[in-house]
Amino acid sequence: MTNILILNGAQPYEFAPGRLNASLTDRARAALEAKGHDVRVTTVAEGYDVDAEIANHQWADTVIFQFPVNWMGVPWSFKKYMDEVYTAGLDGRLSAGDGRTEEAPKANYGMGGALTGTRYMLSVTFNAPRESFDDPAESLFAGGSVDDLLRPMHLNAKFFDMSALPTFAAFDVMKNPDIAADFERFDAHLAAHLAG
């Protein structure tokens, strides 16, 4: 089977301790190990070693980014993880710098990635309801999709030459949760996209 790295990027708060993201992480690990995959999990808020995380990315055939969307992006501790791990990996382990050369300093920015062949999947939780997205009548996102909002994460992965699997999202998890249905959809998502 394949090697799968799951990054649980939840930042615990008193009002949102991260149980759902931990449950999704545990659920993915159990399902994927049952299929014969080798799985490693990093819970970012518990700490990490930068070099070990770079090695985990090099080892992985697939990386699952599991996190709650906080203020339209990743939680601060997950952003810190990316700043530290991905910046250190620019030494050639994750990317050959930013992809440009002295001979062509204006071309190929972001095309130096060393994780060719590695897939990634975003799995996110929202306080926002599903109806907030893909609807031009909704003022905030103005017709934008979940993947439109998460474009910076997709660009980060593209910078390292990773290829995308479809995104999973659980919506309205604080004010109107339906966790059982979210788990059912999540299991089906994993089975459809990471079965083999």
# chains A, B, ... in the order shown; residues from 1 in each chain; ligands from 1
call {"tool": "residues_around", "arguments": {"residues": "segment 88-93 of chain A", "least_positions_apart": "5", "cutoff": "9 Å", "atoms": "only C-alpha atoms", "output": "compact mmCIF listing (two decimals) with N, CA, C and O atoms, in the first residue's frame"}}
result
# COMPACT_ATOMS: atom_id res chain seq x y z
N VAL A 50 11.25 19.90 13.24
CA VAL A 50 11.23 20.38 11.86
C VAL A 50 11.82 19.36 10.90
O VAL A 50 11.23 19.03 9.86
N ASP A 51 13.00 18.83 11.22
CA ASP A 51 13.64 17.88 10.31
C ASP A 51 12.83 16.59 10.18
O ASP A 51 12.74 16.01 9.08
N ILE A 54 9.97 17.33 7.79
CA ILE A 54 10.43 17.31 6.40
C ILE A 54 10.58 15.88 5.92
O ILE A 54 10.11 15.51 4.83
N ALA A 55 11.18 15.03 6.75
CA ALA A 55 11.34 13.61 6.41
C ALA A 55 9.98 12.94 6.23
O ALA A 55 9.80 12.10 5.33
N GLN A 58 8.74 13.78 2.82
CA GLN A 58 9.47 13.04 1.80
C GLN A 58 9.01 11.58 1.75
O GLN A 58 8.99 10.97 0.69
N ASP A 83 5.44 27.73 8.21
CA ASP A 83 6.56 28.67 8.10
C ASP A 83 7.87 27.99 8.46
O ASP A 83 8.89 28.17 7.78
N ASP A 98 12.94 28.67 -4.58
CA ASP A 98 11.62 29.04 -5.11
C ASP A 98 11.47 28.67 -6.58
O ASP A 98 10.51 29.05 -7.23
N GLY A 112 10.01 24.76 -8.26
CA GLY A 112 11.17 23.97 -7.82
C GLY A 112 10.83 22.81 -6.92
O GLY A 112 11.70 22.21 -6.30
N GLY A 113 9.55 22.45 -6.83
CA GLY A 113 9.10 21.44 -5.88
C GLY A 113 9.75 20.09 -6.06
O GLY A 113 9.96 19.62 -7.18
N ALA A 114 10.03 19.45 -4.93
CA ALA A 114 10.68 18.14 -4.92
C ALA A 114 9.72 17.01 -4.53
O ALA A 114 10.15 15.87 -4.39
N LEU A 115 8.43 17.31 -4.36
CA LEU A 115 7.48 16.29 -3.93
C LEU A 115 6.62 15.81 -5.10
O LEU A 115 5.45 15.46 -4.94
call {"tool": "residues_around", "arguments": {"residues": "Gly18 of chain A", "least_positions_apart": "6", "cutoff": "10 Å", "atoms": "only C-alpha atoms", "output": "list in words"}}
result
Asn8, Gly9, Ala10, Gln11, Pro12, Phe67 and Pro68 of chain A
call {"tool": "write_last_selection", "arguments": {"atoms": "C-alpha atoms", "output": "PDB file, in the first residue's frame"}}
result
ATOM      1  CA  ASN A   8      -3.871  17.696  12.423  1.00  0.00           C
ATOM      2  CA  GLY A   9      -3.584  21.482  12.356  1.00  0.00           C
ATOM      3  CA  ALA A  10      -6.259  22.281  14.943  1.00  0.00           C
ATOM      4  CA  GLN A  11      -5.431  24.906  17.570  1.00  0.00           C
ATOM      5  CA  PRO A  12      -7.337  24.178  20.792  1.00  0.00           C
ATOM      6  CA  PHE A  67      -7.761  21.656  10.120  1.00  0.00           C
ATOM      7  CA  PRO A  68     -10.534  24.026  11.118  1.00  0.00           C
TER       8      PRO A  68
END
call {"tool": "atom_distance", "arguments": {"atom1": "atom CA of Leu140 of chain A", "atom2": "atom CA of Phe15 of chain A"}}
result
23.7 Å
call {"tool": "residues_around", "arguments": {"residues": "Gly110 of chain A", "least_positions_apart": "3", "cutoff": "9 Å", "atoms": "only C-alpha atoms", "output": "list of chain:residue names"}}
result
A:Ser95, A:Gly97, A:Asp98, A:Gly99, A:Arg100, A:Gly113, A:Leu155, A:Asn156, A:Lys158, A:Phe159, A:Phe160, A:Asp161
call {"tool": "residues_around", "arguments": {"residues": "Pro152 of chain A", "least_positions_apart": "3", "cutoff": "12 Å", "atoms": "only C-alpha atoms", "output": "PDB file with N, CA, C and O atoms, in the first residue's frame"}}
result
ATOM      1  N   MET A  72     -10.714  32.527   7.838  1.00  0.00           N
ATOM      2  CA  MET A  72     -10.528  32.318   6.392  1.00  0.00           C
ATOM      3  C   MET A  72      -9.210  31.626   6.044  1.00  0.00           C
ATOM      4  O   MET A  72      -8.803  31.594   4.888  1.00  0.00           O
ATOM      5  N   GLY A  73      -8.539  31.054   7.022  1.00  0.00           N
ATOM      6  CA  GLY A  73      -7.288  30.357   6.746  1.00  0.00           C
ATOM      7  C   GLY A  73      -7.006  29.300   7.797  1.00  0.00           C
ATOM      8  O   GLY A  73      -7.905  28.859   8.516  1.00  0.00           O
ATOM      9  N   VAL A  74      -5.748  28.893   7.876  1.00  0.00           N
ATOM     10  CA  VAL A  74      -5.352  27.875   8.842  1.00  0.00           C
ATOM     11  C   VAL A  74      -5.156  28.509  10.216  1.00  0.00           C
ATOM     12  O   VAL A  74      -4.863  29.704  10.317  1.00  0.00           O
ATOM     13  N   LYS A  79      -0.041  27.608  10.738  1.00  0.00           N
ATOM     14  CA  LYS A  79       0.728  28.530   9.893  1.00  0.00           C
ATOM     15  C   LYS A  79       2.181  28.578  10.358  1.00  0.00           C
ATOM     16  O   LYS A  79       3.111  28.585   9.527  1.00  0.00           O
ATOM     17  N   MET A  82       3.938  25.525   9.074  1.00  0.00           N
ATOM     18  CA  MET A  82       4.285  25.658   7.664  1.00  0.00           C
ATOM     19  C   MET A  82       5.463  26.614   7.481  1.00  0.00           C
ATOM     20  O   MET A  82       6.371  26.336   6.688  1.00  0.00           O
ATOM     21  N   LEU A 122      -7.109  18.277   1.300  1.00  0.00           N
ATOM     22  CA  LEU A 122      -7.551  19.184   2.340  1.00  0.00           C
ATOM     23  C   LEU A 122      -8.823  18.624   2.949  1.00  0.00           C
ATOM     24  O   LEU A 122      -9.754  18.258   2.233  1.00  0.00           O
ATOM     25  N   VAL A 146     -15.459  26.565  -1.595  1.00  0.00           N
ATOM     26  CA  VAL A 146     -14.520  26.217  -0.522  1.00  0.00           C
ATOM     27  C   VAL A 146     -13.091  26.249  -1.061  1.00  0.00           C
ATOM     28  O   VAL A 146     -12.183  26.790  -0.430  1.00  0.00           O
ATOM     29  N   ASP A 147     -12.873  25.683  -2.238  1.00  0.00           N
ATOM     30  CA  ASP A 147     -11.518  25.661  -2.795  1.00  0.00           C
ATOM     31  C   ASP A 147     -11.036  27.043  -3.203  1.00  0.00           C
ATOM     32  O   ASP A 147      -9.832  27.310  -3.157  1.00  0.00           O
ATOM     33  N   ASP A 148     -11.953  27.941  -3.557  1.00  0.00           N
ATOM     34  CA  ASP A 148     -11.553  29.328  -3.791  1.00  0.00           C
ATOM     35  C   ASP A 148     -10.995  29.932  -2.504  1.00  0.00           C
ATOM     36  O   ASP A 148      -9.945  30.583  -2.509  1.00  0.00           O
ATOM     37  N   LEU A 149     -11.694  29.724  -1.406  1.00  0.00           N
ATOM     38  CA  LEU A 149     -11.235  30.241  -0.119  1.00  0.00           C
ATOM     39  C   LEU A 149      -9.901  29.626   0.284  1.00  0.00           C
ATOM     40  O   LEU A 149      -9.034  30.311   0.825  1.00  0.00           O
ATOM     41  N   LEU A 155      -2.036  26.496  -3.409  1.00  0.00           N
ATOM     42  CA  LEU A 155      -0.810  27.044  -3.994  1.00  0.00           C
ATOM     43  C   LEU A 155       0.427  26.594  -3.221  1.00  0.00           C
ATOM     44  O   LEU A 155       1.477  26.330  -3.820  1.00  0.00           O
ATOM     45  N   ASN A 156       0.322  26.499  -1.900  1.00  0.00           N
ATOM     46  CA  ASN A 156       1.450  25.973  -1.117  1.00  0.00           C
ATOM     47  C   ASN A 156       1.810  24.571  -1.587  1.00  0.00           C
ATOM     48  O   ASN A 156       2.993  24.245  -1.779  1.00  0.00           O
ATOM     49  N   ALA A 157       0.805  23.727  -1.761  1.00  0.00           N
ATOM     50  CA  ALA A 157       1.062  22.356  -2.208  1.00  0.00           C
ATOM     51  C   ALA A 157       1.633  22.338  -3.625  1.00  0.00           C
ATOM     52  O   ALA A 157       2.561  21.574  -3.923  1.00  0.00           O
ATOM     53  N   LYS A 158       1.108  23.185  -4.488  1.00  0.00           N
ATOM     54  CA  LYS A 158       1.624  23.254  -5.860  1.00  0.00           C
ATOM     55  C   LYS A 158       3.084  23.709  -5.872  1.00  0.00           C
ATOM     56  O   LYS A 158       3.887  23.254  -6.699  1.00  0.00           O
ATOM     57  N   PHE A 159       3.442  24.602  -4.953  1.00  0.00           N
ATOM     58  CA  PHE A 159       4.822  25.074  -4.835  1.00  0.00           C
ATOM     59  C   PHE A 159       5.774  23.895  -4.646  1.00  0.00           C
ATOM     60  O   PHE A 159       6.905  23.906  -5.127  1.00  0.00           O
TER      61      PHE A 159
END
call {"tool": "residues_around", "arguments": {"residues": "Thr42 of chain A", "least_positions_apart": "6", "cutoff": "9 Å", "atoms": "only C-alpha atoms", "output": "PyMOL selection string"}}
result
chain A and resi 5-9+48+53
call {"tool": "write_last_selection", "arguments": {"atoms": "N, CA and C atoms", "output": "PDB file, in the first residue's frame"}}
result
ATOM      1  N   LEU A   5       0.675  10.679   5.416  1.00  0.00           N
ATOM      2  CA  LEU A   5       0.929  11.595   6.525  1.00  0.00           C
ATOM      3  C   LEU A   5      -0.332  12.404   6.768  1.00  0.00           C
ATOM      4  N   ILE A   6      -0.808  12.411   8.005  1.00  0.00           N
ATOM      5  CA  ILE A   6      -1.948  13.242   8.374  1.00  0.00           C
ATOM      6  C   ILE A   6      -1.457  14.333   9.313  1.00  0.00           C
ATOM      7  N   LEU A   7      -1.698  15.570   8.932  1.00  0.00           N
ATOM      8  CA  LEU A   7      -1.343  16.723   9.763  1.00  0.00           C
ATOM      9  C   LEU A   7      -2.611  17.274  10.389  1.00  0.00           C
ATOM     10  N   ASN A   8      -2.748  17.117  11.702  1.00  0.00           N
ATOM     11  CA  ASN A   8      -3.871  17.696  12.423  1.00  0.00           C
ATOM     12  C   ASN A   8      -3.450  19.096  12.838  1.00  0.00           C
ATOM     13  N   GLY A   9      -3.985  20.100  12.125  1.00  0.00           N
ATOM     14  CA  GLY A   9      -3.584  21.482  12.356  1.00  0.00           C
ATOM     15  C   GLY A   9      -4.503  22.256  13.277  1.00  0.00           C
ATOM     16  N   TYR A  48       6.468  19.533  17.395  1.00  0.00           N
ATOM     17  CA  TYR A  48       7.017  18.770  16.279  1.00  0.00           C
ATOM     18  C   TYR A  48       8.492  19.099  16.133  1.00  0.00           C
ATOM     19  N   GLU A  53       9.612  16.403  10.395  1.00  0.00           N
ATOM     20  CA  GLU A  53       8.448  16.713   9.563  1.00  0.00           C
ATOM     21  C   GLU A  53       8.811  16.796   8.086  1.00  0.00           C
TER      22      GLU A  53
END
call {"tool": "atom_distance", "arguments": {"atom1": "atom CA of Ala22 of chain A", "atom2": "atom CA of Thr167 of chain A"}}
result
17.6 Å
call {"tool": "select_by_dssp", "arguments": {"residues": "chain A", "states": "strand (DSSP E or B)", "output": "PyMOL selection string"}}
result
chain A and resi 3-8+38-43+62-68+70+73+91+95-96+113+119-125+163-164+168-170
call {"tool": "write_last_selection", "arguments": {"atoms": "C-alpha atoms", "output": "mmCIF file, in the first residue's frame"}}
result
data_model
loop_
_atom_site.group_PDB
_atom_site.id
_atom_site.type_symbol
_atom_site.label_atom_id
_atom_site.label_comp_id
_atom_site.auth_asym_id
_atom_site.auth_seq_id
_atom_site.Cartn_x
_atom_site.Cartn_y
_atom_site.Cartn_z
ATOM 1 C CA ASN A 3 2.501 5.993 2.987
ATOM 2 C CA ILE A 4 0.087 8.620 4.315
ATOM 3 C CA LEU A 5 0.929 11.595 6.525
ATOM 4 C CA ILE A 6 -1.948 13.242 8.374
ATOM 5 C CA LEU A 7 -1.343 16.723 9.763
ATOM 6 C CA ASN A 8 -3.871 17.696 12.423
ATOM 7 C CA ASP A 38 1.231 3.041 6.588
ATOM 8 C CA VAL A 39 0.053 6.165 8.427
ATOM 9 C CA ARG A 40 1.919 8.778 10.432
ATOM 10 C CA VAL A 41 0.113 11.544 12.324
ATOM 11 C CA THR A 42 1.452 14.874 13.511
ATOM 12 C CA THR A 43 -0.726 16.888 15.871
ATOM 13 C CA THR A 62 -0.218 11.374 0.318
ATOM 14 C CA VAL A 63 -0.515 14.208 2.838
ATOM 15 C CA ILE A 64 -3.872 14.943 4.472
ATOM 16 C CA PHE A 65 -4.186 18.469 5.846
ATOM 17 C CA GLN A 66 -6.843 18.310 8.576
ATOM 18 C CA PHE A 67 -7.761 21.656 10.120
ATOM 19 C CA PRO A 68 -10.534 24.026 11.118
ATOM 20 C CA ASN A 70 -10.041 30.041 11.310
ATOM 21 C CA GLY A 73 -7.288 30.357 6.746
ATOM 22 C CA ASP A 91 17.137 23.607 0.928
ATOM 23 C CA SER A 95 11.907 22.369 -2.975
ATOM 24 C CA ALA A 96 14.941 23.753 -4.760
ATOM 25 C CA GLY A 113 9.105 21.440 -5.881
ATOM 26 C CA ARG A 119 -0.822 13.748 -3.526
ATOM 27 C CA TYR A 120 -2.562 15.893 -0.928
ATOM 28 C CA MET A 121 -6.065 16.293 0.415
ATOM 29 C CA LEU A 122 -7.551 19.184 2.340
ATOM 30 C CA SER A 123 -10.039 18.135 5.008
ATOM 31 C CA VAL A 124 -11.518 21.115 6.777
ATOM 32 C CA THR A 125 -14.179 22.085 9.286
ATOM 33 C CA SER A 163 -1.162 17.098 -6.813
ATOM 34 C CA ALA A 164 -4.633 17.631 -5.362
ATOM 35 C CA PHE A 168 -13.567 17.378 2.106
ATOM 36 C CA ALA A 169 -15.458 19.907 4.228
ATOM 37 C CA ALA A 170 -17.723 19.671 7.260
#
call {"tool": "select_by_dssp", "arguments": {"residues": "segment 31-173 of chain A", "states": "helix (DSSP H, G or I)", "output": "VMD selection string"}}
result
chain A and resid 31 to 34 44 to 46 50 to 59 76 to 88 130 to 132 146 to 149 151 to 159
call {"tool": "write_last_selection", "arguments": {"atoms": "N, CA and C atoms", "output": "compact mmCIF listing (two decimals), in the first residue's frame"}}
result
# COMPACT_ATOMS: atom_id res chain seq x y z
N ALA A 31 -9.20 4.01 9.31
CA ALA A 31 -9.70 3.51 8.03
C ALA A 31 -8.56 3.20 7.08
N LEU A 32 -7.57 4.06 7.04
CA LEU A 32 -6.46 3.87 6.10
C LEU A 32 -5.54 2.73 6.54
N GLU A 33 -5.30 2.62 7.83
CA GLU A 33 -4.50 1.48 8.31
C GLU A 33 -5.22 0.16 8.06
N ALA A 34 -6.55 0.17 8.20
CA ALA A 34 -7.33 -1.05 7.94
C ALA A 34 -7.21 -1.47 6.47
N VAL A 44 -0.08 19.13 15.31
CA VAL A 44 0.78 20.31 15.29
C VAL A 44 0.83 21.02 16.64
N ALA A 45 -0.32 21.18 17.29
CA ALA A 45 -0.37 21.92 18.55
C ALA A 45 0.38 21.22 19.68
N GLU A 46 0.70 19.93 19.50
CA GLU A 46 1.45 19.19 20.52
C GLU A 46 2.96 19.31 20.34
N VAL A 50 11.25 19.90 13.24
CA VAL A 50 11.23 20.38 11.86
C VAL A 50 11.82 19.36 10.90
N ASP A 51 13.00 18.83 11.22
CA ASP A 51 13.64 17.88 10.31
C ASP A 51 12.83 16.59 10.18
N ALA A 52 12.23 16.15 11.27
CA ALA A 52 11.39 14.94 11.21
C ALA A 52 10.17 15.20 10.34
N GLU A 53 9.61 16.40 10.39
CA GLU A 53 8.45 16.71 9.56
C GLU A 53 8.81 16.80 8.09
N ILE A 54 9.97 17.33 7.79
CA ILE A 54 10.43 17.31 6.40
C ILE A 54 10.58 15.88 5.92
N ALA A 55 11.18 15.03 6.75
CA ALA A 55 11.34 13.61 6.41
C ALA A 55 9.98 12.94 6.23
N ASN A 56 9.00 13.30 7.06
CA ASN A 56 7.65 12.74 6.91
C ASN A 56 7.05 13.10 5.56
N HIS A 57 7.26 14.35 5.13
CA HIS A 57 6.74 14.76 3.82
C HIS A 57 7.45 14.01 2.69
N GLN A 58 8.74 13.78 2.82
CA GLN A 58 9.47 13.04 1.80
C GLN A 58 9.01 11.58 1.75
N TRP A 59 8.67 11.02 2.90
CA TRP A 59 8.22 9.63 3.02
C TRP A 59 6.83 9.43 2.44
N TRP A 76 -3.28 29.67 13.62
CA TRP A 76 -1.94 30.27 13.73
C TRP A 76 -0.86 29.23 13.98
N SER A 77 -1.13 28.23 14.78
CA SER A 77 -0.09 27.24 15.08
C SER A 77 0.23 26.40 13.85
N PHE A 78 -0.76 26.18 12.98
CA PHE A 78 -0.50 25.44 11.75
C PHE A 78 0.26 26.32 10.76
N LYS A 79 -0.04 27.61 10.74
CA LYS A 79 0.73 28.53 9.89
C LYS A 79 2.18 28.58 10.36
N LYS A 80 2.40 28.58 11.67
CA LYS A 80 3.77 28.55 12.22
C LYS A 80 4.49 27.27 11.78
N TYR A 81 3.79 26.15 11.85
CA TYR A 81 4.35 24.88 11.38
C TYR A 81 4.80 25.00 9.93
N MET A 82 3.94 25.53 9.07
CA MET A 82 4.29 25.66 7.66
C MET A 82 5.46 26.61 7.48
N ASP A 83 5.44 27.73 8.21
CA ASP A 83 6.56 28.67 8.10
C ASP A 83 7.87 27.99 8.46
N GLU A 84 7.88 27.22 9.53
CA GLU A 84 9.12 26.60 9.98
C GLU A 84 9.53 25.40 9.13
N VAL A 85 8.60 24.48 8.90
CA VAL A 85 8.94 23.24 8.17
C VAL A 85 9.18 23.52 6.70
N TYR A 86 8.29 24.27 6.08
CA TYR A 86 8.41 24.47 4.64
C TYR A 86 9.55 25.41 4.29
N THR A 87 9.83 26.38 5.13
CA THR A 87 10.99 27.24 4.87
C THR A 87 12.28 26.45 4.98
N ALA A 88 12.41 25.61 6.00
CA ALA A 88 13.61 24.77 6.13
C ALA A 88 13.76 23.83 4.95
N ARG A 130 -22.96 25.27 4.77
CA ARG A 130 -22.68 24.90 3.37
C ARG A 130 -23.25 25.94 2.40
N GLU A 131 -24.38 26.49 2.77
CA GLU A 131 -25.08 27.43 1.88
C GLU A 131 -24.34 28.75 1.69
N SER A 132 -23.31 29.00 2.49
CA SER A 132 -22.51 30.22 2.33
C SER A 132 -21.67 30.22 1.07
N VAL A 146 -15.46 26.56 -1.60
CA VAL A 146 -14.52 26.22 -0.52
C VAL A 146 -13.09 26.25 -1.06
N ASP A 147 -12.87 25.68 -2.24
CA ASP A 147 -11.52 25.66 -2.79
C ASP A 147 -11.04 27.04 -3.20
N ASP A 148 -11.95 27.94 -3.56
CA ASP A 148 -11.55 29.33 -3.79
C ASP A 148 -11.00 29.93 -2.50
N LEU A 149 -11.69 29.72 -1.41
CA LEU A 149 -11.24 30.24 -0.12
C LEU A 149 -9.90 29.63 0.28
N ARG A 151 -7.52 28.59 -1.59
CA ARG A 151 -6.51 28.67 -2.66
C ARG A 151 -5.08 28.80 -2.14
N PRO A 152 -4.82 29.57 -1.06
CA PRO A 152 -3.43 29.61 -0.57
C PRO A 152 -2.88 28.24 -0.20
N MET A 153 -3.70 27.37 0.38
CA MET A 153 -3.23 26.02 0.71
C MET A 153 -2.94 25.22 -0.56
N HIS A 154 -3.80 25.37 -1.55
CA HIS A 154 -3.56 24.68 -2.82
C HIS A 154 -2.27 25.19 -3.48
N LEU A 155 -2.04 26.50 -3.41
CA LEU A 155 -0.81 27.04 -3.99
C LEU A 155 0.43 26.59 -3.22
N ASN A 156 0.32 26.50 -1.90
CA ASN A 156 1.45 25.97 -1.12
C ASN A 156 1.81 24.57 -1.59
N ALA A 157 0.81 23.73 -1.76
CA ALA A 157 1.06 22.36 -2.21
C ALA A 157 1.63 22.34 -3.62
N LYS A 158 1.11 23.18 -4.49
CA LYS A 158 1.62 23.25 -5.86
C LYS A 158 3.08 23.71 -5.87
N PHE A 159 3.44 24.60 -4.95
CA PHE A 159 4.82 25.07 -4.83
C PHE A 159 5.77 23.89 -4.65
call {"tool": "closest_residue", "arguments": {"among": "A:Ala60, A:Ala28, A:Ala16, A:Met1", "to": "Glu184 of chain A", "atoms": "only C-alpha atoms"}}
result
A:Ala28
call {"tool": "closest_residue", "arguments": {"among": "A:Ala195, A:Ala107, A:Ala128, A:Leu24", "to": "Pro177 of chain A", "atoms": "only C-alpha atoms"}}
result
A:Ala128
call {"tool": "closest_residue", "arguments": {"among": "A:Phe126, A:Ser145, A:Thr101, A:Tyr13", "to": "Asp182 of chain A", "atoms": "only C-alpha atoms"}}
result
A:Phe126
